[in-house]
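Enquirer: Provided herewith is a single structure, encoded as structure tokens, for subsequent inquiry.
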Amino acid sequence: MDILTVRELQKSDIPLIADYWVNSPGEHLIGMGVDLTKMPPRDAFIEMLQKQLSLSLEKRNSYCIIWLIDGKPIGHCNTNPTKFGKEANMHLHIWENENRKQNNGMAFLKMTIPLFFKNLNLERLFCEPYSLNPAPNRLLEKVGFKFVKEYTVIPGSINFEQTVNQWVIYRKSVTP
């Protein structure tokens with residue numbers, strides 16, 4: 001039986017996250033709503049993550065939790081943007097195809113979400129997955145997020161315009 005754990009981002013994780021972004025197959029990235037023409041080089045990912053890690057939690061725009069199976073990092077869940085003490089937007093990423101569709105997402109999120117609320121002192125947490133990406137949309141509902149709305153937006157600097165589903169969960173509905 002696999003042992004699932006989570007921990008905060010460490011400097012040694014940064015190359016793994018950068019590699020995920022630059023080495024993932026195009027169809028995987030497009031399925032998440034990524035515009036391949038907007039992808040920055042690996043060095044830019046590394047620089048951004050190192051900068052965020054060097055800041056205090058109160059000043060970070062992004063906060064990252066690493067997901068591990070049997071002690072091996074296999075993915076991450078991060079907030080971006082983050083408004084410390086108020087709200088954040090959550091993103092979910094499993095790095096390798098062989099670790100996807102293993103039904104570990106719920107366990108990872110149940111360990112991660114309380115950390116976001118506690119460490120970032122959040123009132124609410126949003127997640128806005130691409131509406132055509134069914135896995136995160138199903139998972140969010142199972143974990144206790146409430147559907148807010150569907151709308152069209154360019155969600156981030158590396159995304160194309162897309163329809164997203166906005167989900168929210170509040171501090172009071174999360175048990176530590």
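Ligands are numbered from 1 in the order shown, residues from 1 within each chain, and chains are lettered A, B, ... in the order they appear in the structure tokens.
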Check chain A with DSSP on the backbone and list each residue it calls strand (DSSP E), as an NGL selection string.
Expert: :A and (4-8 or 63-69 or 72-83 or 87-94 or 124-127 or 146-153 or 162-170)
Enquirer: Can you write just those residues out, C-alpha atoms, as a PDB file, in the first residue's frame?
Expert:
```pdb
ATOM      1  CA  LEU A   4       0.819   9.415   0.707  1.00  0.00           C
ATOM      2  CA  THR A   5       2.302  12.495   2.379  1.00  0.00           C
ATOM      3  CA  VAL A   6       2.558  16.221   1.755  1.00  0.00           C
ATOM      4  CA  ARG A   7       5.075  18.890   2.705  1.00  0.00           C
ATOM      5  CA  GLU A   8       5.993  22.453   1.866  1.00  0.00           C
ATOM      6  CA  TYR A  63       2.646  28.994  -2.010  1.00  0.00           C
ATOM      7  CA  CYS A  64       3.363  25.369  -2.862  1.00  0.00           C
ATOM      8  CA  ILE A  65       2.777  21.985  -1.238  1.00  0.00           C
ATOM      9  CA  ILE A  66       4.578  18.932  -2.641  1.00  0.00           C
ATOM     10  CA  TRP A  67       2.698  15.632  -2.957  1.00  0.00           C
ATOM     11  CA  LEU A  68       4.690  12.450  -2.262  1.00  0.00           C
ATOM     12  CA  ILE A  69       4.089   8.725  -2.684  1.00  0.00           C
ATOM     13  CA  LYS A  72       9.015  10.400  -3.670  1.00  0.00           C
ATOM     14  CA  PRO A  73       7.697  13.752  -4.970  1.00  0.00           C
ATOM     15  CA  ILE A  74       5.059  13.115  -7.662  1.00  0.00           C
ATOM     16  CA  GLY A  75       3.246  16.438  -7.931  1.00  0.00           C
ATOM     17  CA  HIS A  76       2.351  19.715  -6.344  1.00  0.00           C
ATOM     18  CA  CYS A  77      -0.575  21.847  -5.320  1.00  0.00           C
ATOM     19  CA  ASN A  78      -0.045  25.566  -5.174  1.00  0.00           C
ATOM     20  CA  THR A  79      -1.889  28.793  -4.622  1.00  0.00           C
ATOM     21  CA  ASN A  80      -1.518  31.607  -7.132  1.00  0.00           C
ATOM     22  CA  PRO A  81      -2.535  34.345  -6.741  1.00  0.00           C
ATOM     23  CA  THR A  82      -2.463  34.416  -2.966  1.00  0.00           C
ATOM     24  CA  LYS A  83      -3.875  37.214  -0.808  1.00  0.00           C
ATOM     25  CA  GLU A  87      -8.138  34.189  -0.256  1.00  0.00           C
ATOM     26  CA  ALA A  88      -6.147  32.235  -2.801  1.00  0.00           C
ATOM     27  CA  ASN A  89      -6.591  30.304  -6.040  1.00  0.00           C
ATOM     28  CA  MET A  90      -5.485  26.681  -5.920  1.00  0.00           C
ATOM     29  CA  HIS A  91      -3.882  24.664  -8.742  1.00  0.00           C
ATOM     30  CA  LEU A  92      -3.356  20.878  -8.840  1.00  0.00           C
ATOM     31  CA  HIS A  93      -0.584  19.096 -10.749  1.00  0.00           C
ATOM     32  CA  ILE A  94       0.529  15.466 -10.884  1.00  0.00           C
ATOM     33  CA  ARG A 124     -11.688  31.099   1.433  1.00  0.00           C
ATOM     34  CA  LEU A 125      -9.956  29.060  -1.250  1.00  0.00           C
ATOM     35  CA  PHE A 126     -10.906  29.045  -4.917  1.00  0.00           C
ATOM     36  CA  CYS A 127     -10.076  26.625  -7.689  1.00  0.00           C
ATOM     37  CA  LYS A 146     -19.075  24.367  -3.883  1.00  0.00           C
ATOM     38  CA  PHE A 147     -19.655  25.281  -7.522  1.00  0.00           C
ATOM     39  CA  VAL A 148     -19.958  29.067  -7.980  1.00  0.00           C
ATOM     40  CA  LYS A 149     -20.099  29.701 -11.719  1.00  0.00           C
ATOM     41  CA  GLU A 150     -18.772  28.947 -15.172  1.00  0.00           C
ATOM     42  CA  TYR A 151     -17.203  31.834 -17.065  1.00  0.00           C
ATOM     43  CA  THR A 152     -14.743  32.674 -19.826  1.00  0.00           C
ATOM     44  CA  VAL A 153     -11.346  34.131 -18.944  1.00  0.00           C
ATOM     45  CA  GLN A 162     -11.139  29.359 -21.924  1.00  0.00           C
ATOM     46  CA  THR A 163     -14.245  28.545 -19.981  1.00  0.00           C
ATOM     47  CA  VAL A 164     -13.454  27.702 -16.367  1.00  0.00           C
ATOM     48  CA  ASN A 165     -15.554  26.414 -13.507  1.00  0.00           C
ATOM     49  CA  GLN A 166     -15.129  28.431 -10.339  1.00  0.00           C
ATOM     50  CA  TRP A 167     -15.281  26.420  -7.103  1.00  0.00           C
ATOM     51  CA  VAL A 168     -14.901  27.705  -3.527  1.00  0.00           C
ATOM     52  CA  ILE A 169     -14.436  26.288  -0.053  1.00  0.00           C
ATOM     53  CA  TYR A 170     -14.543  28.312   3.166  1.00  0.00           C
TER      54      TYR A 170
END
```
Enquirer: According to DSSP computed on the backbone, where in chain A is there helix (DSSP H, G or I)? Give the residues as a count of residues only.
Expert: 70
Enquirer: If you count only C-alpha atoms, which residues fall within 12 Å of Val34 in chain A, apart from same-chain ones fewer than 5 positions away, as a PyMOL selection string?
Expert: chain A and resi 21-22+24-29+39-40+129-130+133+154-162
Enquirer: Taking C-alpha atoms for each residue, export the selection above as a short mmCIF file (atom, residue, chain, number, x, y, z; two decimals), in the first residue's frame.
Expert:
```cif
data_model
loop_
_atom_site.label_atom_id
_atom_site.label_comp_id
_atom_site.auth_asym_id
_atom_site.auth_seq_id
_atom_site.Cartn_x
_atom_site.Cartn_y
_atom_site.Cartn_z
CA TRP A 21 6.24 22.39 -17.05
CA VAL A 22 8.82 22.21 -19.81
CA SER A 24 5.04 17.66 -20.20
CA PRO A 25 3.50 16.57 -23.49
CA GLY A 26 1.71 19.32 -25.35
CA GLU A 27 -1.62 17.48 -25.20
CA HIS A 28 -1.42 17.33 -21.38
CA LEU A 29 -0.70 21.06 -21.13
CA MET A 39 5.38 28.86 -22.11
CA PRO A 40 8.45 30.46 -20.54
CA PRO A 129 -10.07 24.41 -13.54
CA TYR A 130 -10.58 24.41 -17.28
CA ASN A 133 -10.83 19.04 -17.85
CA ILE A 154 -7.63 33.97 -19.64
CA PRO A 155 -6.78 32.55 -16.19
CA GLY A 156 -3.04 33.10 -16.17
CA SER A 157 -0.02 34.29 -18.10
CA ILE A 158 0.47 30.92 -19.83
CA ASN A 159 -3.18 30.20 -20.64
CA PHE A 160 -5.43 30.65 -23.65
CA GLU A 161 -8.93 32.11 -23.29
CA GLN A 162 -11.14 29.36 -21.92
#
```
Enquirer: Mind giving me the straight-line distance from CA of Ser62 in chain A to CA of Leu49 in chain A in Å, one decimal?
Expert: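 Computed distance, CA of Ser62 in chain A to CA of Leu49 in chain A, equals 8.3 Å.
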Enquirer: CA of Asp70 in chain A and CA of Asp2 in chain A are how many Å apart?
Expert: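 According to the coordinates, CA of Asp70 in chain A and CA of Asp2 in chain A are separated by 6.0 Å.
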Enquirer: With only C-alpha atoms as the counted atoms, please give the residues lying no more than 9 Å from Lys142 in chain A, apart from itself and same-chain residues fewer than 4 positions off, as a ChimeraX atom specification.
Expert: /A:106,137-138
Enquirer: Restrict the selected residues to C-alpha atoms and save them as a tab-separated table (two decimals), in the first residue's frame.
Expert:
```
chain	number	residue	atom	x	y	z
A	106	MET	CA	-8.80	13.23	-2.68
A	137	ASN	CA	-13.94	19.35	-11.52
A	138	ARG	CA	-15.19	15.99	-10.17
```
Enquirer: In terms of the shortest atom-to-atom distance over only C-alpha atoms, which of A:Ile3, A:Leu16, A:Leu115, A:Ala44 is closest to Gly71 in chain A?
Expert: A:Ile3
Enquirer: Which value, in Å to one decimal, gives the distance between CA of Glu98 in chain A and CA of Gln50 in chain A?
Expert: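 Result for CA of Glu98 in chain A versus CA of Gln50 in chain A: 27.6 Å, one decimal.
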Enquirer: Considering only C-alpha atoms, return as a list in words whatever protein or nucleic-acid residues lie within 8 Å of Glu58 in chain A, sequence-local ones (same chain, fewer than 3 positions apart) excluded.
Expert: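 Near neighbours after the sequence-gap exclusion: Leu55, Phe84 and Leu120 of chain A.
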Enquirer: Nearest to Leu9 in chain A: which of A:Leu53, A:Leu36, A:Leu122, A:Met111 is it, counting only C-alpha atoms?
Expert: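 Smallest distance to Leu9 in chain A is found for A:Leu53.
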